[in-house]
Amino acid sequence: MTRMKAHAYDPTSPKAIEALVDFLNAAIRALNDKEVKENNPPILNPEGLLQGLPQGSLSAARYDPETGLVAFTIKDRSERFIESEGFLALRALTLFNGGAYLDKNQKGGDEYHYLEVFSGPGLGITFQRLLADAQKGELVKMRGDHHFLTAANLAIVGGSKRNTRGRREALEAALANYDEQASSRDLTGVLSKTDYLAMLRGAFRLYDIKHGHNFLRVIGE
């Protein structure tokens with residue numbers, strides 16, 4: 001694989017952190033509100049997910065009201081499309097220099113591009129594995145256009161036993177980055193380590209509730 005590194009933009013700002021926390025809290029309240037009918041869910045304001053950009057390796061993002069998806073770019077690459085909850089998870093993981101990168105993999109004359117987070121020996125994790133919560137020996141394939149990281153475009157199939165890294169490793173890497181970066185940027189008062197872990201877990205839990213039913217494990221592959 002060939003990793004396409006992105007330009008490093010300004011570090012995370014308190015405003016960006018507060019906006020992401022507000023979005024997550026609003027989503028949690030909406031899920032817990034017993035007065036909200038299932039066929040009339042509240043529409044969350046996606047603008048909070050766009051605060052503080054460009055940041056890290058994310059150069060831009062926009063919300064597309066027609067599809068309900070967030071379109072984001074890494075450096076000058078083509079836009080990738082994802083559900084709001086998936087973009088929340090991506091931003092949470094990369095708040096403290098987790099990094100988002102595009103890997104190029106060529107097989108049989110075809111070229112595939114995959115989004116990865118984190119870097120360094122043994123640290124790169126394919127983001128679609130994290131969305132699907134893939135387990136050891138499972139592979140997450142794109143069923144169609146690789147520009148779409150939507151749950152409906154991803155399928156879990158059997159893979160190499162070397163495919164082991166998942167959410168646990170991603171959370172460990174994100175917390176390690178927090179330890180390295182939060183104090184030097186004077187951000188511990190904005191988001192404690194305990195609250196950051198709660199944000200990471202909450203973002204994935206929210207994604208699972210909203211989109212986890214779209215992931216099916218293909219038997220026999």
# chains A, B, ... in the order shown; residues from 1 in each chain; ligands from 1
$ select_by_dssp --residues "segment 61-198 of chain A" --states "strand (DSSP E)" --output "tab-separated table (two decimals) with all heavy atoms, in the first residue's frame"
chain	number	residue	atom	x	y	z
A	61	ALA	N	-14.99	20.18	4.79
A	61	ALA	CA	-16.17	19.32	4.87
A	61	ALA	C	-17.41	20.17	4.65
A	61	ALA	O	-17.40	21.38	4.91
A	61	ALA	CB	-16.25	18.59	6.20
A	62	ARG	N	-18.45	19.54	4.17
A	62	ARG	CA	-19.73	20.23	3.98
A	62	ARG	C	-20.86	19.22	4.18
A	62	ARG	O	-20.66	18.01	4.03
A	62	ARG	CB	-19.83	20.83	2.57
A	62	ARG	CG	-19.80	19.79	1.45
A	62	ARG	CD	-19.86	20.40	0.07
A	62	ARG	NE	-19.78	19.37	-0.97
A	62	ARG	CZ	-20.83	18.67	-1.42
A	62	ARG	NH1	-22.04	18.91	-0.95
A	62	ARG	NH2	-20.68	17.76	-2.36
A	63	TYR	N	-22.01	19.74	4.55
A	63	TYR	CA	-23.18	18.88	4.73
A	63	TYR	C	-24.06	19.00	3.50
A	63	TYR	O	-24.37	20.10	3.04
A	63	TYR	CB	-23.95	19.29	5.98
A	63	TYR	CG	-25.21	18.48	6.19
A	63	TYR	CD1	-25.14	17.15	6.60
A	63	TYR	CD2	-26.47	19.04	5.97
A	63	TYR	CE1	-26.29	16.40	6.79
A	63	TYR	CE2	-27.62	18.30	6.17
A	63	TYR	CZ	-27.53	16.98	6.58
A	63	TYR	OH	-28.66	16.23	6.75
A	64	ASP	N	-24.46	17.85	2.96
A	64	ASP	CA	-25.32	17.81	1.78
A	64	ASP	C	-26.74	17.48	2.24
A	64	ASP	O	-27.02	16.32	2.56
A	64	ASP	CB	-24.82	16.75	0.80
A	64	ASP	CG	-25.64	16.70	-0.49
A	64	ASP	OD1	-26.62	17.46	-0.59
A	64	ASP	OD2	-25.31	15.90	-1.38
A	69	LEU	N	-25.74	13.37	3.93
A	69	LEU	CA	-24.37	12.91	4.18
A	69	LEU	C	-23.41	14.09	4.33
A	69	LEU	O	-23.70	15.20	3.88
A	69	LEU	CB	-23.89	12.03	3.02
A	69	LEU	CG	-24.70	10.77	2.72
A	69	LEU	CD1	-24.14	10.07	1.48
A	69	LEU	CD2	-24.70	9.82	3.92
A	70	VAL	N	-22.29	13.83	4.98
A	70	VAL	CA	-21.21	14.80	5.06
A	70	VAL	C	-20.18	14.45	3.99
A	70	VAL	O	-19.77	13.29	3.87
A	70	VAL	CB	-20.54	14.79	6.44
A	70	VAL	CG1	-19.30	15.70	6.45
A	70	VAL	CG2	-21.53	15.23	7.52
A	71	ALA	N	-19.79	15.44	3.20
A	71	ALA	CA	-18.74	15.26	2.20
A	71	ALA	C	-17.48	15.92	2.75
A	71	ALA	O	-17.51	17.09	3.15
A	71	ALA	CB	-19.13	15.90	0.88
A	72	PHE	N	-16.38	15.17	2.81
A	72	PHE	CA	-15.15	15.73	3.36
A	72	PHE	C	-13.98	15.43	2.44
A	72	PHE	O	-14.01	14.49	1.63
A	72	PHE	CB	-14.88	15.17	4.77
A	72	PHE	CG	-14.55	13.71	4.83
A	72	PHE	CD1	-13.24	13.27	4.81
A	72	PHE	CD2	-15.57	12.77	4.91
A	72	PHE	CE1	-12.93	11.91	4.86
A	72	PHE	CE2	-15.27	11.41	4.97
A	72	PHE	CZ	-13.96	10.98	4.94
A	73	THR	N	-12.93	16.24	2.56
A	73	THR	CA	-11.75	16.07	1.73
A	73	THR	C	-10.50	16.01	2.59
A	73	THR	O	-10.43	16.61	3.66
A	73	THR	CB	-11.60	17.22	0.71
A	73	THR	OG1	-11.58	18.46	1.42
A	73	THR	CG2	-12.74	17.23	-0.28
A	80	ARG	N	-15.02	12.43	-0.04
A	80	ARG	CA	-15.56	11.18	0.48
A	80	ARG	C	-16.88	11.52	1.18
A	80	ARG	O	-17.04	12.59	1.75
A	80	ARG	CB	-14.60	10.55	1.49
A	80	ARG	CG	-13.68	9.49	0.92
A	80	ARG	CD	-12.79	9.98	-0.16
A	80	ARG	NE	-11.95	8.89	-0.68
A	80	ARG	CZ	-11.17	9.01	-1.74
A	80	ARG	NH1	-11.10	10.14	-2.40
A	80	ARG	NH2	-10.46	7.99	-2.16
A	81	PHE	N	-17.83	10.57	1.12
A	81	PHE	CA	-19.16	10.81	1.67
A	81	PHE	C	-19.45	9.82	2.80
A	81	PHE	O	-19.14	8.64	2.69
A	81	PHE	CB	-20.22	10.66	0.57
A	81	PHE	CG	-20.08	11.66	-0.54
A	81	PHE	CD1	-19.23	11.41	-1.61
A	81	PHE	CD2	-20.77	12.86	-0.51
A	81	PHE	CE1	-19.08	12.32	-2.64
A	81	PHE	CE2	-20.63	13.78	-1.53
A	81	PHE	CZ	-19.78	13.52	-2.60
A	82	ILE	N	-20.05	10.34	3.88
A	82	ILE	CA	-20.26	9.51	5.06
A	82	ILE	C	-21.45	10.07	5.86
A	82	ILE	O	-21.78	11.26	5.76
A	82	ILE	CB	-19.00	9.49	5.93
A	82	ILE	CG1	-19.05	8.40	6.99
A	82	ILE	CG2	-18.75	10.86	6.56
A	82	ILE	CD1	-17.73	8.21	7.71
A	83	GLU	N	-22.09	9.22	6.64
A	83	GLU	CA	-23.16	9.68	7.52
A	83	GLU	C	-22.59	10.61	8.59
A	83	GLU	O	-21.42	10.52	8.95
A	83	GLU	CB	-23.85	8.50	8.20
A	83	GLU	CG	-24.56	7.54	7.26
A	83	GLU	CD	-23.70	6.35	6.86
A	83	GLU	OE1	-22.47	6.39	7.16
A	83	GLU	OE2	-24.23	5.40	6.27
A	100	ALA	N	-5.82	11.41	9.36
A	100	ALA	CA	-6.62	10.64	8.41
A	100	ALA	C	-5.84	10.64	7.10
A	100	ALA	O	-5.40	11.69	6.63
A	100	ALA	CB	-8.00	11.27	8.22
A	101	TYR	N	-5.65	9.47	6.54
A	101	TYR	CA	-4.82	9.31	5.36
A	101	TYR	C	-5.52	8.43	4.34
A	101	TYR	O	-6.40	7.64	4.68
A	101	TYR	CB	-3.48	8.66	5.71
A	101	TYR	CG	-2.75	9.31	6.86
A	101	TYR	CD1	-2.99	8.92	8.18
A	101	TYR	CD2	-1.84	10.33	6.63
A	101	TYR	CE1	-2.33	9.53	9.23
A	101	TYR	CE2	-1.18	10.95	7.67
A	101	TYR	CZ	-1.42	10.54	8.97
A	101	TYR	OH	-0.77	11.15	10.02
A	102	LEU	N	-5.10	8.58	3.10
A	102	LEU	CA	-5.60	7.71	2.04
A	102	LEU	C	-4.50	6.75	1.63
A	102	LEU	O	-3.39	7.16	1.33
A	102	LEU	CB	-6.06	8.53	0.83
A	102	LEU	CG	-7.29	9.42	1.07
A	102	LEU	CD1	-7.57	10.26	-0.17
A	102	LEU	CD2	-8.50	8.57	1.43
A	103	ASP	N	-4.82	5.46	1.66
A	103	ASP	CA	-3.90	4.42	1.22
A	103	ASP	C	-4.33	3.94	-0.15
A	103	ASP	O	-5.52	3.75	-0.41
A	103	ASP	CB	-3.90	3.24	2.19
A	103	ASP	CG	-2.76	3.33	3.19
A	103	ASP	OD1	-2.16	4.41	3.26
A	103	ASP	OD2	-2.50	2.34	3.87
A	104	LYS	N	-3.34	3.76	-1.01
A	104	LYS	CA	-3.61	3.25	-2.35
A	104	LYS	C	-3.15	1.81	-2.44
A	104	LYS	O	-2.01	1.49	-2.11
A	104	LYS	CB	-2.89	4.10	-3.40
A	104	LYS	CG	-3.14	3.64	-4.84
A	104	LYS	CD	-2.50	4.59	-5.84
A	104	LYS	CE	-0.98	4.51	-5.79
A	104	LYS	NZ	-0.34	5.34	-6.84
A	105	ASN	N	-4.04	0.94	-2.87
A	105	ASN	CA	-3.74	-0.48	-3.00
A	105	ASN	C	-4.08	-0.92	-4.41
A	105	ASN	O	-5.22	-0.76	-4.86
A	105	ASN	CB	-4.54	-1.28	-1.97
A	105	ASN	CG	-4.09	-2.72	-1.91
A	105	ASN	OD1	-3.11	-3.10	-2.54
A	105	ASN	ND2	-4.80	-3.53	-1.15
A	106	GLN	N	-3.10	-1.45	-5.13
A	106	GLN	CA	-3.31	-1.90	-6.50
A	106	GLN	C	-3.30	-3.42	-6.57
A	106	GLN	O	-2.35	-4.07	-6.13
A	106	GLN	CB	-2.24	-1.32	-7.43
A	106	GLN	CG	-2.37	0.19	-7.62
A	106	GLN	CD	-1.32	0.75	-8.55
A	106	GLN	OE1	-0.13	0.61	-8.31
A	106	GLN	NE2	-1.77	1.40	-9.60
A	107	LYS	N	-4.39	-3.97	-7.10
A	107	LYS	CA	-4.49	-5.42	-7.27
A	107	LYS	C	-5.06	-5.74	-8.64
A	107	LYS	O	-6.12	-5.24	-9.02
A	107	LYS	CB	-5.40	-6.03	-6.18
A	107	LYS	CG	-4.82	-5.97	-4.78
A	107	LYS	CD	-5.75	-6.67	-3.80
A	107	LYS	CE	-5.17	-6.66	-2.39
A	107	LYS	NZ	-6.08	-7.32	-1.42
A	110	ASP	N	-6.36	-3.06	-10.91
A	110	ASP	CA	-7.33	-2.14	-10.32
A	110	ASP	C	-6.68	-1.37	-9.17
A	110	ASP	O	-5.78	-1.88	-8.51
A	110	ASP	CB	-8.55	-2.89	-9.80
A	110	ASP	CG	-9.34	-3.55	-10.92
A	110	ASP	OD1	-9.41	-2.94	-12.02
A	110	ASP	OD2	-9.86	-4.66	-10.72
A	111	GLU	N	-7.16	-0.17	-8.95
A	111	GLU	CA	-6.61	0.67	-7.90
A	111	GLU	C	-7.70	1.01	-6.89
A	111	GLU	O	-8.79	1.45	-7.26
A	111	GLU	CB	-6.05	1.96	-8.50
A	111	GLU	CG	-5.33	2.85	-7.51
A	111	GLU	CD	-4.63	4.01	-8.20
A	111	GLU	OE1	-3.64	3.76	-8.91
A	111	GLU	OE2	-5.09	5.15	-8.04
A	112	TYR	N	-7.41	0.75	-5.62
A	112	TYR	CA	-8.37	1.01	-4.56
A	112	TYR	C	-7.78	2.02	-3.58
A	112	TYR	O	-6.60	2.00	-3.30
A	112	TYR	CB	-8.70	-0.29	-3.82
A	112	TYR	CG	-9.25	-1.37	-4.71
A	112	TYR	CD1	-8.40	-2.28	-5.33
A	112	TYR	CD2	-10.62	-1.48	-4.95
A	112	TYR	CE1	-8.89	-3.27	-6.16
A	112	TYR	CE2	-11.12	-2.47	-5.78
A	112	TYR	CZ	-10.26	-3.36	-6.39
A	112	TYR	OH	-10.75	-4.34	-7.21
A	113	HIS	N	-8.65	2.87	-3.06
A	113	HIS	CA	-8.22	3.88	-2.10
A	113	HIS	C	-8.99	3.68	-0.80
A	113	HIS	O	-10.22	3.65	-0.81
A	113	HIS	CB	-8.48	5.29	-2.66
A	113	HIS	CG	-7.68	5.59	-3.88
A	113	HIS	ND1	-6.56	6.39	-3.87
A	113	HIS	CD2	-7.83	5.18	-5.17
A	113	HIS	CE1	-6.06	6.47	-5.09
A	113	HIS	NE2	-6.82	5.73	-5.89
A	114	TYR	N	-8.27	3.56	0.29
A	114	TYR	CA	-8.88	3.32	1.59
A	114	TYR	C	-8.50	4.42	2.57
A	114	TYR	O	-7.36	4.89	2.57
A	114	TYR	CB	-8.43	1.97	2.15
A	114	TYR	CG	-8.83	0.79	1.30
A	114	TYR	CD1	-7.91	0.17	0.47
A	114	TYR	CD2	-10.14	0.32	1.32
A	114	TYR	CE1	-8.27	-0.91	-0.32
A	114	TYR	CE2	-10.51	-0.76	0.54
A	114	TYR	CZ	-9.58	-1.37	-0.28
A	114	TYR	OH	-9.94	-2.43	-1.06
A	115	LEU	N	-9.44	4.80	3.40
A	115	LEU	CA	-9.18	5.80	4.43
A	115	LEU	C	-8.61	5.11	5.66
A	115	LEU	O	-9.17	4.13	6.14
A	115	LEU	CB	-10.48	6.52	4.79
A	115	LEU	CG	-10.37	7.59	5.88
A	115	LEU	CD1	-9.48	8.74	5.42
A	115	LEU	CD2	-11.75	8.11	6.26
A	116	GLU	N	-7.48	5.62	6.15
A	116	GLU	CA	-6.87	5.10	7.37
A	116	GLU	C	-6.75	6.22	8.40
A	116	GLU	O	-6.70	7.40	8.05
A	116	GLU	CB	-5.48	4.52	7.10
A	116	GLU	CG	-5.50	3.14	6.48
A	116	GLU	CD	-4.17	2.43	6.64
A	116	GLU	OE1	-3.22	3.05	7.15
A	116	GLU	OE2	-4.08	1.26	6.25
A	117	VAL	N	-6.69	5.81	9.66
A	117	VAL	CA	-6.42	6.76	10.74
A	117	VAL	C	-5.19	6.29	11.51
A	117	VAL	O	-4.89	5.10	11.55
A	117	VAL	CB	-7.63	6.88	11.70
A	117	VAL	CG1	-8.77	7.62	11.03
A	117	VAL	CG2	-8.10	5.51	12.18
A	125	ILE	N	-4.89	2.08	10.86
A	125	ILE	CA	-6.10	1.28	10.95
A	125	ILE	C	-7.08	1.78	9.89
A	125	ILE	O	-7.39	2.96	9.81
A	125	ILE	CB	-6.75	1.40	12.34
A	125	ILE	CG1	-5.75	1.03	13.43
A	125	ILE	CG2	-7.98	0.50	12.42
A	125	ILE	CD1	-6.28	1.25	14.84
A	126	THR	N	-7.58	0.85	9.08
A	126	THR	CA	-8.54	1.22	8.06
A	126	THR	C	-9.84	1.66	8.71
A	126	THR	O	-10.42	0.92	9.51
A	126	THR	CB	-8.81	0.02	7.11
A	126	THR	OG1	-7.56	-0.44	6.60
A	126	THR	CG2	-9.69	0.44	5.95
A	138	GLU	N	-11.67	-10.70	10.08
A	138	GLU	CA	-12.74	-10.17	9.24
A	138	GLU	C	-12.20	-9.02	8.38
A	138	GLU	O	-11.33	-8.27	8.81
A	138	GLU	CB	-13.91	-9.66	10.08
A	138	GLU	CG	-14.68	-10.79	10.76
A	138	GLU	CD	-15.86	-10.27	11.55
A	138	GLU	OE1	-15.83	-9.10	11.98
A	138	GLU	OE2	-16.81	-11.05	11.74
A	139	LEU	N	-12.73	-8.90	7.19
A	139	LEU	CA	-12.35	-7.86	6.24
A	139	LEU	C	-13.59	-7.08	5.86
A	139	LEU	O	-14.66	-7.66	5.66
A	139	LEU	CB	-11.72	-8.50	5.00
A	139	LEU	CG	-11.24	-7.56	3.88
A	139	LEU	CD1	-10.08	-6.71	4.37
A	139	LEU	CD2	-10.83	-8.37	2.66
A	140	VAL	N	-13.45	-5.77	5.77
A	140	VAL	CA	-14.57	-4.92	5.39
A	140	VAL	C	-14.33	-4.41	3.97
A	140	VAL	O	-13.37	-3.68	3.73
A	140	VAL	CB	-14.75	-3.74	6.36
A	140	VAL	CG1	-15.96	-2.90	5.97
A	140	VAL	CG2	-14.93	-4.26	7.78
A	141	LYS	N	-15.19	-4.84	3.07
A	141	LYS	CA	-15.04	-4.46	1.66
A	141	LYS	C	-16.07	-3.40	1.28
A	141	LYS	O	-17.17	-3.35	1.82
A	141	LYS	CB	-15.22	-5.68	0.76
A	141	LYS	CG	-14.08	-6.68	0.81
A	141	LYS	CD	-14.30	-7.77	-0.23
A	141	LYS	CE	-13.11	-8.72	-0.29
A	141	LYS	NZ	-13.31	-9.78	-1.32
A	142	MET	N	-15.68	-2.59	0.31
A	142	MET	CA	-16.63	-1.64	-0.26
A	142	MET	C	-17.39	-2.33	-1.38
A	142	MET	O	-16.79	-2.96	-2.26
A	142	MET	CB	-15.89	-0.41	-0.78
A	142	MET	CG	-15.28	0.43	0.32
A	142	MET	SD	-14.48	1.92	-0.30
A	142	MET	CE	-14.05	2.71	1.25
A	154	LEU	N	-20.71	-0.90	2.67
A	154	LEU	CA	-19.68	-1.72	3.28
A	154	LEU	C	-20.22	-3.10	3.62
A	154	LEU	O	-21.37	-3.23	4.06
A	154	LEU	CB	-19.15	-1.05	4.56
A	154	LEU	CG	-18.58	0.36	4.39
A	154	LEU	CD1	-18.17	0.91	5.76
A	154	LEU	CD2	-17.39	0.37	3.44
A	155	ALA	N	-19.40	-4.12	3.42
A	155	ALA	CA	-19.79	-5.49	3.74
A	155	ALA	C	-18.66	-6.17	4.50
A	155	ALA	O	-17.48	-5.98	4.19
A	155	ALA	CB	-20.11	-6.27	2.47
A	156	ILE	N	-19.01	-6.97	5.50
A	156	ILE	CA	-18.03	-7.69	6.31
A	156	ILE	C	-17.91	-9.12	5.77
A	156	ILE	O	-18.89	-9.86	5.70
A	156	ILE	CB	-18.46	-7.74	7.78
A	156	ILE	CG1	-18.67	-6.31	8.31
A	156	ILE	CG2	-17.41	-8.46	8.63
A	156	ILE	CD1	-19.28	-6.26	9.69
A	157	VAL	N	-16.68	-9.50	5.39
A	157	VAL	CA	-16.43	-10.83	4.85
A	157	VAL	C	-15.23	-11.44	5.57
A	157	VAL	O	-14.53	-10.77	6.33
A	157	VAL	CB	-16.15	-10.78	3.33
A	157	VAL	CG1	-17.33	-10.17	2.58
A	157	VAL	CG2	-14.89	-9.97	3.03
A	158	GLY	N	-14.99	-12.72	5.32
A	158	GLY	CA	-13.84	-13.36	5.91
A	158	GLY	C	-12.55	-12.81	5.32
A	158	GLY	O	-12.49	-12.47	4.15
$ residues_around --residues "segment 44-56 of chain A" --least-positions-apart "6" --cutoff "10 Å" --atoms "only C-alpha atoms" --output "ChimeraX atom specification"
/A:6-24,26-27,30,62-65,68-70,72-75,84-85,87-88,91-92,94-100
$ atom_distance --atom1 "atom CA of Ala60 of chain A" --atom2 "atom CA of Ala134 of chain A"
27.7 Å
$ closest_residue --among "A:Leu149, A:Leu31, A:Leu93, A:Leu131" --to "Glu79 of chain A" --atoms "only C-alpha atoms"
A:Leu149
$ atom_distance --atom1 "atom CA of Asp208 of chain A" --atom2 "atom CA of Asp145 of chain A"
22.1 Å
$ closest_residue --among "A:Ser78, A:Gln128, A:Thr188, A:Asn32" --to "Asn153 of chain A" --atoms "only C-alpha atoms"
A:Gln128
$ atom_distance --atom1 "atom CA of Leu206 of chain A" --atom2 "atom CA of Leu130 of chain A"
13.1 Å
$ closest_residue --among "A:Arg29, A:Arg129, A:Arg205, A:His211" --to "Arg167 of chain A" --atoms "only C-alpha atoms"
A:Arg129
